[in-house]
Structure formats: structure tokens, C-alpha cells
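Undergrad: Next up, run-v7.cif (mmCIF, C-alpha atoms).
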data_structure
loop_
_atom_site.label_atom_id
_atom_site.label_comp_id
_atom_site.auth_asym_id
_atom_site.auth_seq_id
_atom_site.Cartn_x
_atom_site.Cartn_y
_atom_site.Cartn_z
CA MET A 1 31.95 4.97 6.20
CA ALA A 2 29.31 5.16 3.46
CA THR A 3 30.43 7.00 0.33
CA LYS A 4 28.35 9.65 -1.38
CA ARG A 5 26.97 8.47 -4.71
CA ARG A 6 25.32 11.10 -6.83
CA PHE A 7 22.93 9.52 -9.35
CA MET A 8 24.25 10.05 -12.87
CA ASN A 9 21.46 8.52 -15.00
CA PRO A 10 18.02 9.87 -14.01
CA ALA A 11 15.99 7.74 -16.41
CA THR A 12 16.40 4.21 -15.08
CA ALA A 13 12.63 3.70 -14.91
CA GLN A 14 9.48 5.76 -15.31
CA ILE A 15 5.95 5.46 -14.00
CA ILE A 16 3.67 5.58 -17.05
CA ALA A 17 0.21 4.78 -15.66
CA THR A 18 -1.63 3.91 -12.45
CA ALA A 19 -4.97 2.22 -11.79
CA VAL A 20 -7.22 1.33 -8.85
CA ALA A 21 -10.21 -0.96 -8.28
CA PHE A 22 -12.56 -1.63 -5.38
CA PRO A 23 -15.04 -4.39 -4.47
CA GLN A 24 -18.72 -3.62 -4.80
CA TYR A 25 -19.65 -3.21 -1.13
CA HIS A 26 -19.11 0.31 0.22
CA TYR A 27 -20.27 1.46 3.65
CA PRO A 28 -20.04 4.57 5.81
CA GLN A 29 -17.86 3.94 8.84
CA SER A 30 -20.74 4.72 11.18
CA GLU A 31 -22.72 1.78 9.78
CA LEU A 32 -19.83 -0.64 10.13
CA SER A 33 -18.82 0.50 13.59
CA GLY A 34 -22.42 0.49 14.78
CA GLN A 35 -22.85 -3.15 13.82
CA LEU A 36 -19.60 -4.20 15.43
CA ARG A 37 -20.21 -2.14 18.55
CA GLN A 38 -23.44 -4.03 19.29
CA VAL A 39 -21.78 -7.42 18.95
CA TRP A 40 -18.71 -6.63 20.99
CA LYS A 41 -20.70 -4.86 23.70
CA LYS A 42 -22.53 -8.13 24.34
CA ARG A 43 -19.16 -9.87 24.61
CA GLY A 44 -17.88 -7.49 27.27
CA LEU A 45 -15.96 -4.82 25.38
CA HIS A 46 -16.12 -1.40 27.03
CA THR A 47 -17.99 0.79 24.55
CA ASP A 48 -16.18 3.95 25.65
CA VAL A 49 -12.90 2.37 24.48
CA PHE A 50 -14.48 1.26 21.22
CA ASP A 51 -16.01 4.70 20.59
CA ARG A 52 -12.76 6.52 21.33
CA ILE A 53 -10.80 4.30 18.95
CA THR A 54 -13.40 4.68 16.21
CA GLU A 55 -13.44 8.46 16.51
CA ASN A 56 -9.66 8.82 16.64
CA LEU A 57 -9.07 6.76 13.48
CA LEU A 58 -10.81 9.43 11.34
CA VAL A 59 -12.01 6.85 8.77
CA GLU A 60 -15.34 7.82 7.20
CA SER A 61 -16.01 4.92 4.82
CA ARG A 62 -14.54 1.63 3.59
CA TYR A 63 -14.95 -0.94 0.84
CA LEU A 64 -15.49 -4.59 1.78
CA SER A 65 -15.35 -7.82 -0.20
CA ARG A 66 -18.61 -9.11 1.25
CA PRO A 67 -21.80 -7.56 2.65
CA LYS A 68 -21.33 -6.29 6.18
CA GLU A 69 -23.53 -9.04 7.64
CA PHE A 70 -21.00 -11.62 6.45
CA TYR A 71 -18.53 -10.44 9.08
CA LEU A 72 -20.85 -11.39 11.94
CA ASN A 73 -20.31 -15.07 11.18
CA VAL A 74 -16.94 -15.26 9.49
CA PRO A 75 -15.95 -18.75 8.27
CA GLY A 76 -12.60 -20.44 8.81
CA PHE A 77 -9.33 -19.67 7.12
CA ALA A 78 -9.82 -22.00 4.14
CA ALA A 79 -13.20 -20.49 3.24
CA ARG A 80 -11.89 -16.94 3.67
CA ASN A 81 -8.91 -17.66 1.48
CA GLN A 82 -11.17 -19.07 -1.24
CA ILE A 83 -13.17 -15.83 -1.15
CA TRP A 84 -9.90 -13.93 -1.41
CA LYS A 85 -9.05 -15.77 -4.64
CA GLU A 86 -12.53 -15.18 -6.03
CA GLU A 87 -12.35 -11.44 -5.35
CA ALA A 88 -8.66 -10.79 -6.01
CA LEU A 89 -8.73 -12.11 -9.56
CA PRO A 90 -11.35 -9.72 -11.01
CA LEU A 91 -9.94 -6.74 -9.11
CA GLY A 92 -6.45 -7.44 -10.36
CA LYS A 93 -7.68 -8.01 -13.90
CA SER A 94 -9.57 -4.72 -13.84
CA CYS A 95 -6.46 -2.81 -12.75
CA ILE A 96 -4.28 -4.38 -15.42
CA GLN A 97 -6.81 -3.76 -18.17
CA ASP A 98 -6.99 -0.13 -17.10
CA LEU A 99 -3.20 0.21 -17.30
CA LEU A 100 -3.11 -1.34 -20.76
CA ARG A 101 -5.93 0.92 -21.97
CA GLN A 102 -4.18 4.06 -20.72
CA SER A 103 -0.84 3.12 -22.23
CA GLU A 104 -2.24 1.57 -25.43
CA LEU A 105 -0.14 -1.52 -24.79
CA GLN A 106 -1.19 -5.13 -25.20
CA ALA A 107 -0.74 -7.68 -22.43
CA GLY A 108 1.92 -9.36 -24.57
CA ASP A 109 3.96 -6.15 -24.53
CA VAL A 110 4.63 -6.55 -20.80
CA GLN A 111 7.80 -8.43 -19.80
CA GLN A 112 7.39 -8.60 -16.01
CA ILE A 113 4.61 -8.62 -13.44
CA VAL A 114 5.13 -8.26 -9.70
CA THR A 115 2.18 -9.01 -7.43
CA SER A 116 1.84 -8.08 -3.79
CA THR A 117 -0.55 -9.11 -1.04
CA VAL A 118 -0.52 -9.95 2.63
CA THR A 119 -4.21 -10.88 2.99
CA GLY A 120 -4.53 -14.11 1.00
CA ILE A 121 -2.56 -17.04 -0.39
CA ALA A 122 -2.75 -18.67 -3.80
CA VAL A 123 -0.60 -21.40 -5.34
CA PRO A 124 -0.38 -21.02 -8.30
CA SER A 125 0.05 -17.38 -7.36
CA LEU A 126 -2.25 -14.53 -8.37
CA ASP A 127 -0.02 -13.52 -11.28
CA ALA A 128 -0.23 -17.04 -12.69
CA LEU A 129 -4.02 -17.04 -12.38
CA LEU A 130 -4.13 -13.72 -14.22
CA MET A 131 -2.10 -15.17 -17.07
CA ASN A 132 -5.08 -17.44 -17.77
CA GLN A 133 -7.36 -14.39 -17.85
CA LEU A 134 -5.26 -12.02 -19.98
CA PRO A 135 -3.14 -12.71 -23.08
CA PHE A 136 0.27 -12.23 -21.51
CA SER A 137 3.29 -13.82 -23.13
CA SER A 138 4.07 -17.31 -21.85
CA GLN A 139 7.57 -15.95 -21.17
CA LEU A 140 6.31 -13.27 -18.78
CA LYS A 141 8.58 -12.96 -15.74
CA ARG A 142 6.44 -13.36 -12.60
CA VAL A 143 7.45 -12.22 -9.10
CA PRO A 144 4.84 -12.82 -6.38
CA MET A 145 5.57 -11.02 -3.09
CA PHE A 146 4.03 -11.96 0.25
CA GLY A 147 4.81 -10.75 3.75
CA LEU A 148 5.97 -7.17 3.22
CA GLY A 149 2.59 -5.82 4.35
CA CYS A 150 2.02 -2.08 3.98
CA LEU A 151 5.64 -1.68 2.87
CA ALA A 152 5.10 -3.56 -0.40
CA GLY A 153 3.57 -0.73 -2.43
CA THR A 154 6.69 1.42 -2.23
CA ALA A 155 9.03 -1.58 -2.12
CA GLY A 156 7.35 -3.00 -5.21
CA VAL A 157 8.00 0.20 -7.16
CA ALA A 158 11.63 0.05 -6.04
CA ARG A 159 12.09 -3.58 -7.05
CA VAL A 160 10.45 -3.07 -10.45
CA ALA A 161 12.76 -0.10 -11.02
CA ASP A 162 15.72 -2.32 -10.11
CA TYR A 163 14.59 -4.80 -12.76
CA LEU A 164 14.18 -2.10 -15.39
CA LYS A 165 17.72 -0.84 -14.81
CA GLY A 166 18.92 -4.12 -16.24
CA HIS A 167 16.13 -4.40 -18.83
CA PRO A 168 15.75 -0.82 -20.13
CA GLN A 169 13.61 -1.80 -23.13
CA ASP A 170 11.01 -3.62 -21.01
CA ALA A 171 7.63 -2.76 -19.54
CA ALA A 172 6.60 -4.07 -16.11
CA ILE A 173 3.47 -4.06 -13.96
CA LEU A 174 3.24 -3.90 -10.18
CA LEU A 175 -0.13 -5.13 -8.88
CA SER A 176 -1.27 -4.99 -5.27
CA VAL A 177 -4.51 -6.62 -4.11
CA GLU A 178 -5.34 -6.35 -0.42
CA LEU A 179 -8.62 -7.68 1.00
CA CYS A 180 -8.00 -6.83 4.63
CA SER A 181 -11.59 -7.41 5.76
CA LEU A 182 -11.16 -11.15 5.13
CA THR A 183 -8.64 -11.27 7.97
CA PHE A 184 -11.18 -9.90 10.50
CA GLN A 185 -11.25 -11.77 13.83
CA LEU A 186 -14.60 -11.45 15.57
CA HIS A 187 -13.43 -13.33 18.68
CA ASP A 188 -10.52 -10.99 19.42
CA LEU A 189 -11.31 -8.07 21.75
CA SER A 190 -7.72 -6.85 21.99
CA ILE A 191 -7.00 -3.18 21.37
CA ALA A 192 -4.91 -4.11 18.32
CA ASN A 193 -7.80 -6.01 16.74
CA VAL A 194 -10.33 -3.30 17.60
CA ILE A 195 -8.10 -0.80 15.80
CA ALA A 196 -7.58 -3.12 12.82
CA SER A 197 -11.30 -3.85 12.51
CA GLN A 198 -12.00 -0.11 12.15
CA LEU A 199 -8.95 0.91 10.12
CA PHE A 200 -8.40 -1.55 7.26
CA GLY A 201 -10.39 -1.86 4.05
CA ASP A 202 -10.30 -3.66 0.71
CA GLY A 203 -9.06 -2.67 -2.73
CA ALA A 204 -6.45 -3.06 -5.45
CA ALA A 205 -3.98 -0.79 -7.22
CA ALA A 206 -1.44 -1.18 -10.00
CA VAL A 207 1.40 0.70 -11.68
CA LEU A 208 2.85 0.38 -15.18
CA MET A 209 6.55 1.21 -15.43
CA VAL A 210 9.02 1.19 -18.33
CA GLY A 211 12.77 1.32 -18.74
CA GLN A 212 14.66 4.26 -20.21
CA ALA A 213 14.90 2.68 -23.69
CA HIS A 214 11.21 1.74 -23.95
CA PRO A 215 9.18 3.56 -26.64
CA LEU A 216 6.81 4.97 -23.98
CA ALA A 217 9.61 6.60 -21.97
CA ASP A 218 9.00 10.33 -21.96
CA SER A 219 10.16 13.30 -19.91
CA LYS A 220 6.58 14.07 -18.84
CA TYR A 221 6.49 10.98 -16.60
CA PRO A 222 8.06 10.73 -13.13
CA ARG A 223 11.42 8.97 -12.99
CA ILE A 224 12.66 6.72 -10.21
CA ILE A 225 15.96 8.30 -9.18
CA ASP A 226 16.88 6.01 -6.30
CA SER A 227 15.43 3.85 -3.53
CA ARG A 228 16.36 2.82 -0.03
CA SER A 229 15.34 -0.11 2.19
CA ILE A 230 15.58 0.51 5.95
CA PHE A 231 15.42 -2.38 8.42
CA PHE A 232 15.29 -2.05 12.19
CA PRO A 233 16.75 -5.20 13.82
CA HIS A 234 14.83 -7.18 16.44
CA THR A 235 11.54 -5.34 15.93
CA GLU A 236 9.43 -8.18 14.56
CA GLU A 237 6.87 -7.78 17.35
CA VAL A 238 5.98 -4.24 16.28
CA MET A 239 3.74 -5.24 13.39
CA GLY A 240 2.69 -8.34 11.47
CA TRP A 241 0.51 -11.44 11.54
CA LYS A 242 0.14 -14.23 14.05
CA ILE A 243 -0.95 -17.09 11.82
CA SER A 244 -3.39 -19.45 13.54
CA ASP A 245 -6.13 -21.91 12.64
CA ARG A 246 -8.42 -18.88 12.39
CA GLY A 247 -6.20 -17.26 9.77
CA PHE A 248 -4.24 -14.03 10.04
CA GLU A 249 -4.44 -12.39 13.47
CA ILE A 250 -3.12 -8.85 13.79
CA VAL A 251 0.10 -8.00 15.61
CA LEU A 252 0.26 -4.25 16.17
CA ASN A 253 1.81 -2.40 19.07
CA SER A 254 2.02 1.25 20.02
CA GLY A 255 5.62 1.64 18.86
CA VAL A 256 4.84 2.27 15.18
CA PRO A 257 4.40 6.07 15.46
CA GLU A 258 7.67 6.33 17.39
CA PHE A 259 9.59 4.82 14.48
CA ALA A 260 7.88 7.23 12.08
CA GLU A 261 8.72 10.23 14.25
CA LYS A 262 12.17 9.48 15.65
CA HIS A 263 13.95 6.88 13.55
CA ILE A 264 13.12 7.60 9.91
CA LYS A 265 14.60 11.10 9.59
CA PRO A 266 18.27 10.11 10.09
CA ALA A 267 17.97 7.39 7.43
CA MET A 268 16.12 9.75 5.12
CA ASP A 269 18.70 12.49 5.59
CA GLN A 270 21.45 10.05 4.62
CA PHE A 271 19.47 8.78 1.62
CA LEU A 272 18.71 12.25 0.28
CA GLY A 273 22.18 13.50 1.10
CA GLN A 274 23.65 11.01 -1.35
CA GLN A 275 21.77 12.94 -4.04
CA ASP A 276 22.87 16.33 -2.62
CA LEU A 277 19.28 16.86 -1.43
CA ASN A 278 17.55 17.39 1.87
CA ILE A 279 13.97 17.12 3.08
CA SER A 280 13.16 20.70 2.09
CA ASP A 281 13.89 19.77 -1.54
CA ILE A 282 10.98 17.30 -1.58
CA THR A 283 7.91 19.00 -3.01
CA HIS A 284 5.57 16.02 -3.37
CA TRP A 285 4.92 13.40 -0.68
CA ILE A 286 3.39 10.01 -1.55
CA ALA A 287 3.06 8.54 1.94
CA HIS A 288 1.32 5.37 3.07
CA PRO A 289 -1.53 6.33 5.45
CA GLY A 290 -0.80 3.90 8.26
CA GLY A 291 -3.21 5.73 10.56
CA PRO A 292 -3.64 9.17 12.13
CA LYS A 293 -0.89 8.69 14.71
CA VAL A 294 1.57 7.52 12.05
CA LEU A 295 0.81 10.44 9.74
CA GLN A 296 1.06 12.91 12.63
CA ALA A 297 4.37 11.35 13.69
CA MET A 298 5.73 11.71 10.15
CA GLU A 299 4.70 15.36 10.04
CA GLN A 300 6.40 16.04 13.37
CA GLY A 301 9.50 13.95 12.75
CA LEU A 302 10.14 15.27 9.22
CA GLY A 303 9.02 18.84 9.81
CA LEU A 304 6.10 18.63 7.38
CA ASP A 305 2.84 20.54 7.47
CA SER A 306 -0.67 19.17 7.00
CA HIS A 307 -0.72 20.14 3.31
CA ASP A 308 2.30 17.93 2.53
CA LEU A 309 0.39 14.77 3.43
CA LYS A 310 -3.05 16.00 2.37
CA ILE A 311 -3.68 13.19 -0.12
CA SER A 312 -2.69 10.58 2.47
CA TRP A 313 -5.09 12.07 5.01
CA GLU A 314 -7.88 12.14 2.41
CA SER A 315 -7.25 8.53 1.40
CA LEU A 316 -7.37 7.41 5.02
CA LYS A 317 -10.69 9.20 5.44
CA LYS A 318 -12.28 7.85 2.26
CA VAL A 319 -11.17 4.20 2.20
CA GLY A 320 -9.10 3.48 5.33
CA ASN A 321 -5.77 1.68 5.29
CA LEU A 322 -5.48 -0.80 2.40
CA SER A 323 -2.05 -2.17 3.31
CA SER A 324 0.28 -2.26 0.28
CA SER A 325 -2.41 -0.91 -2.06
CA SER A 326 -2.77 2.39 -0.20
CA VAL A 327 0.42 4.14 -1.27
CA LEU A 328 -0.25 3.15 -4.90
CA MET A 329 -3.76 4.61 -4.62
CA ILE A 330 -2.25 7.83 -3.30
CA LEU A 331 0.19 7.83 -6.22
CA ASN A 332 -2.77 7.33 -8.55
CA GLU A 333 -4.65 10.25 -6.99
CA PHE A 334 -1.58 12.47 -7.16
CA MET A 335 -0.87 11.73 -10.81
CA ALA A 336 -4.52 12.23 -11.78
CA HIS A 337 -4.81 15.71 -10.28
CA ASN A 338 -1.33 17.24 -10.35
CA GLN A 339 1.10 18.44 -12.98
CA PRO A 340 4.39 18.82 -11.11
CA GLN A 341 6.92 21.33 -12.27
CA ALA A 342 9.78 19.87 -14.29
CA GLY A 343 12.76 19.21 -12.05
CA SER A 344 10.69 18.86 -8.87
CA TYR A 345 11.20 15.93 -6.50
CA GLY A 346 8.78 13.57 -4.82
CA LEU A 347 9.20 10.85 -2.23
CA MET A 348 7.24 7.63 -1.75
CA ILE A 349 7.41 6.20 1.77
CA SER A 350 5.86 3.17 3.44
CA PHE A 351 6.35 1.20 6.65
CA GLY A 352 5.84 -2.50 7.21
CA PRO A 353 6.54 -5.64 9.25
CA GLY A 354 10.11 -6.21 10.18
CA PHE A 355 9.93 -3.39 11.33
CA CYS A 356 11.11 -1.57 8.24
CA ALA A 357 10.60 1.30 5.84
CA GLU A 358 11.04 1.84 2.11
CA LEU A 359 11.83 5.09 0.29
CA VAL A 360 11.61 5.86 -3.42
CA LEU A 361 12.88 9.17 -4.77
CA LEU A 362 10.97 10.50 -7.80
CA LYS A 363 11.80 13.35 -10.16
CA TRP A 364 9.60 15.01 -12.74
#
Could you quickly redo this structure as C-alpha cells?

TA:
Amino acid sequence: MATKRRFMNPATAQIIATAVAFPQYHYPQSELSGQLRQVWKKRGLHTDVFDRITENLLVESRYLSRPKEFYLNVPGFAARNQIWKEEALPLGKSCIQDLLRQSELQAGDVQQIVTSTVTGIAVPSLDALLMNQLPFSSQLKRVPMFGLGCLAGTAGVARVADYLKGHPQDAAILLSVELCSLTFQLHDLSIANVIASQLFGDGAAAVLMVGQAHPLADSKYPRIIDSRSIFFPHTEEVMGWKISDRGFEIVLNSGVPEFAEKHIKPAMDQFLGQQDLNISDITHWIAHPGGPKVLQAMEQGLGLDSHDLKISWESLKKVGNLSSSSVLMILNEFMAHNQPQAGSYGLMISFGPGFCAELVLLKW
């Protein structure tokens, strides 16, 4: 039987700054869906199905890495991946520079960088490429993550906090760059791909965190109190990629909302209970906006109201789902416009391939 472990040191890591960046092309959803509707109608897709999906997703605009016409004749995987590298580097650099400006740190003052993506591949990895763009120390600890999908924003915060527990004088950056539009599959008329083509967008987000003994550590910043990884065995077909000669092809079935509604609460109750907390003690929710059905399932399963996930709903509407970058963008929006009461709790939550979930408990 699991033992209760009340956290005794609330300052293992703190979130000091957040940053976001988007590619230059920004379109209303109606313009993007209108273009795609014409093409897929000629290929036999029932427009009533397409229209219903588009309307139900509630996305109003998205950022793309290329002009919308590019997606009518998408090249092969190698060419897409080259575009990913070309776009990911300046977006990531912009986020990092913003973090350093806010914190008044130099690149050489950072001891670790964790990068996350599930939409492109680079070897050397993105963090290594950025080291040739910014004056990081040659001893910078680099941790590239691939494959966690939407989970990686929250999981990345958790893993950086784990590092800072053992390196309390250090500063670390988590960077997520997701260019989901470059995975678009024009040939695929499946419901999963129709949803993905209307739901996912492009962007980047980053977080600067420090350990409890770092000079920037201050009680005004949120502290990571604890984290929890939750894995559901034998659910790999729920969400992920099928990797083919065309690139990344979406795997997405209808079971995702069920996990959000029925299976997360018991694990969350156990997680919070180890801190002598329950769901009603959480004042601030930083939730990945997987889609309307996922957000609605979370509200129902956790007993939340629409205000609790307001920022997640707004993010979904404004930019769509940006995989691992989304929850960090929501964190950025929250920190920019809120001054939580001292002692209040927040919870970051994301879902991803596996199928799995990640929780991070915050305290102000």
C-alpha cells in the first residue's frame, strides 16, 4: 500500500519566467477550413461531416509555418523536416532570448536546457543547434525529448524540477517547439486526420526555472511542490503517430475524453491526498487544451466549472492545439495576467501518447 508523503521542502524549484513565439503566418479558421473543404470535397469527403467537425472544434484561428497554399501540395517527409529545422531554430531562439531578457540572466548563466517536440527531428538536436546561436556554456547539460506529444509541456516542467532538486543553485530552461502543420496529410480522409487538420497549429513556448538556492529564487514565484506521472497500460492505440514514408500520420481515437473524465480523478485524488489536499483546494488550473471534448470531460470528471478552464478554452479558440507548447502558453498567459494569493495552489495537467497523463502541483 502506498504511504502518505507530505512534502516538507516547498522550494525545490520555481518558475521565474515564461515566453512564447509564433510563426509569421496567421489565418482565421474559416479561411483555412474553406480551402481544405474544397479540396477534400473533390476527393469524396462528405462536406456535412467536415462542417460538423470544424464547427465542433471551436477553433477560430491558427498560426502556420508556411502560407496556406503550401499545404495543398505538401512535399515529402525529408523536405518537411528541413522546413521544421528552419522554422524551429528562430522560434526557439526568440523564446530563450525573451526568458533571458525578463530574468536579466546571460545564456552562460543557464546550466541545463530541455527541449521538447513531436513534430520534427534534428540530429544534432535542436538544443545543440541553439548552442551555436546563443552564447551558452560549452558545459550546458542538454536533454532533448521526443515522443511525449502533448504531455511534454507538463512533463518537461516536472523533469526540470527533478533536476533542480539535485542542483539547487542552477537555472534551467524548458523549450517546446511544435510545428504541427508540417505533419499535415492531404491524402488522408479519415476522421482522425480531418480533426487533426482543423485542430493543431504551430508555435513555441519556454519556461525558465531555478533551484531553491539560486539568487533569483523568490517567494513571489510559483513553486513546484510535487509531480506525478500516470501511465495506462496497453493503450498505445489511443493517440500517437504512425510513421510512414509520408512522415507523421495521426493516430487518434475516440477514447481520449473517456480517460479525461473517468480515469484521471482517482489518480489525482491519490496524488493530492499525499499532500493532504483535494481537488477543491486547487484554485488555478493550467490544463492542456486537447480539444473541446477533452476539456468538457475534464470539467465533468473533476467537478470543475467553465471558469476553472477559461484560459485553456481561450487558447484553444485563439491558436488551436499546439501539442506540448500549449500548456506552457497557458502558463504564460496565466502568469502575465494573474497575481495569485500567497498560499494558493495550482495544477498543471496534460495528456499524451502512451496513453498517459502528467500532473504538476504548484504553490504561490

Undergrad: Please, what distance in Å, to one decimal, runs between atom CA of Thr183 of chain A and atom CA of Asn73 of chain A?

TA: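 These atoms are spaced 12.7 Å apart.
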
Undergrad: Leaving out Arg142 of chain A and any residue of its chain fewer than 2 positions from it, which residues lie within 9 Å of it when counting only C-alpha atoms, given as a ChimeraX atom specification?

TA: /A:111-115,127-128,140,144

Undergrad: Taking the file as I've supplied it (selection: the PyMOL selection byres ((chain A and resi 99) around 7)), which residues are included? Please answer as a ChimeraX atom specification.

TA: /A:17-19,95-98,100-103,208

Undergrad: Next, dump the selected residues to file, keeping only C-alpha atoms, as a compact mmCIF listing (two decimals), in the coordinates of the input.

TA:
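Final file, result.txt:
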# COMPACT_ATOMS: atom_id res chain seq x y z
CA ALA A 17 0.21 4.78 -15.66
CA THR A 18 -1.63 3.91 -12.45
CA ALA A 19 -4.97 2.22 -11.79
CA CYS A 95 -6.46 -2.81 -12.75
CA ILE A 96 -4.28 -4.38 -15.42
CA GLN A 97 -6.81 -3.76 -18.17
CA ASP A 98 -6.99 -0.13 -17.10
CA LEU A 100 -3.11 -1.34 -20.76
CA ARG A 101 -5.93 0.92 -21.97
CA GLN A 102 -4.18 4.06 -20.72
CA SER A 103 -0.84 3.12 -22.23
CA LEU A 208 2.85 0.38 -15.18

Undergrad: Would you work out the distance separating atom CA of Leu179 of chain A from atom CA of Met209 of chain A, expressed in Å to one decimal?

TA: 24.1 Å

Undergrad: Expand the PyMOL selection byres ((chain A and resi 13) around 8) into the explicit residue set it covers here, and present it as a list in words.

TA: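 After applying the PyMOL selection byres ((chain A and resi 13) around 8), what remains is Ala11, Thr12, Gln14, Ile15, Ala161, Leu164, Lys165, Pro168, Met209, Val210, Gly211, Gln212, Arg223 and Ile224 of chain A.
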
Undergrad: For Gln296 of chain A, which residue among A:Val118, A:Glu314, A:Lys141, A:Glu261 is the nearest when counting all atoms listed in the file?

TA: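 Of all the options, A:Glu261 lies closest to Gln296 of chain A.
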
Undergrad: Counting only C-alpha atoms, figure out which residue out of A:Leu331, A:Ile195, A:Leu304, A:Ala21 gets nearest to Asn56 of chain A.

TA: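 Closest residue, counting only C-alpha atoms: A:Ile195.
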
Undergrad: Give as a PyMOL selection string every residue, naming chains and numbers as the document does, that has an atom within 12 Å of (-4.1, -19.5, 3.2), counting only C-alpha atoms.

TA: chain A and resi 76-85+117-123+125+146+182-183+243-248

Undergrad: Neighbourhood query: residues within 8 Å of (-18.7, -15.0, 23.8), file coordinates, counting only C-alpha atoms; return as JSON, numbers by chain.

TA: {"A": [42, 43, 187]}
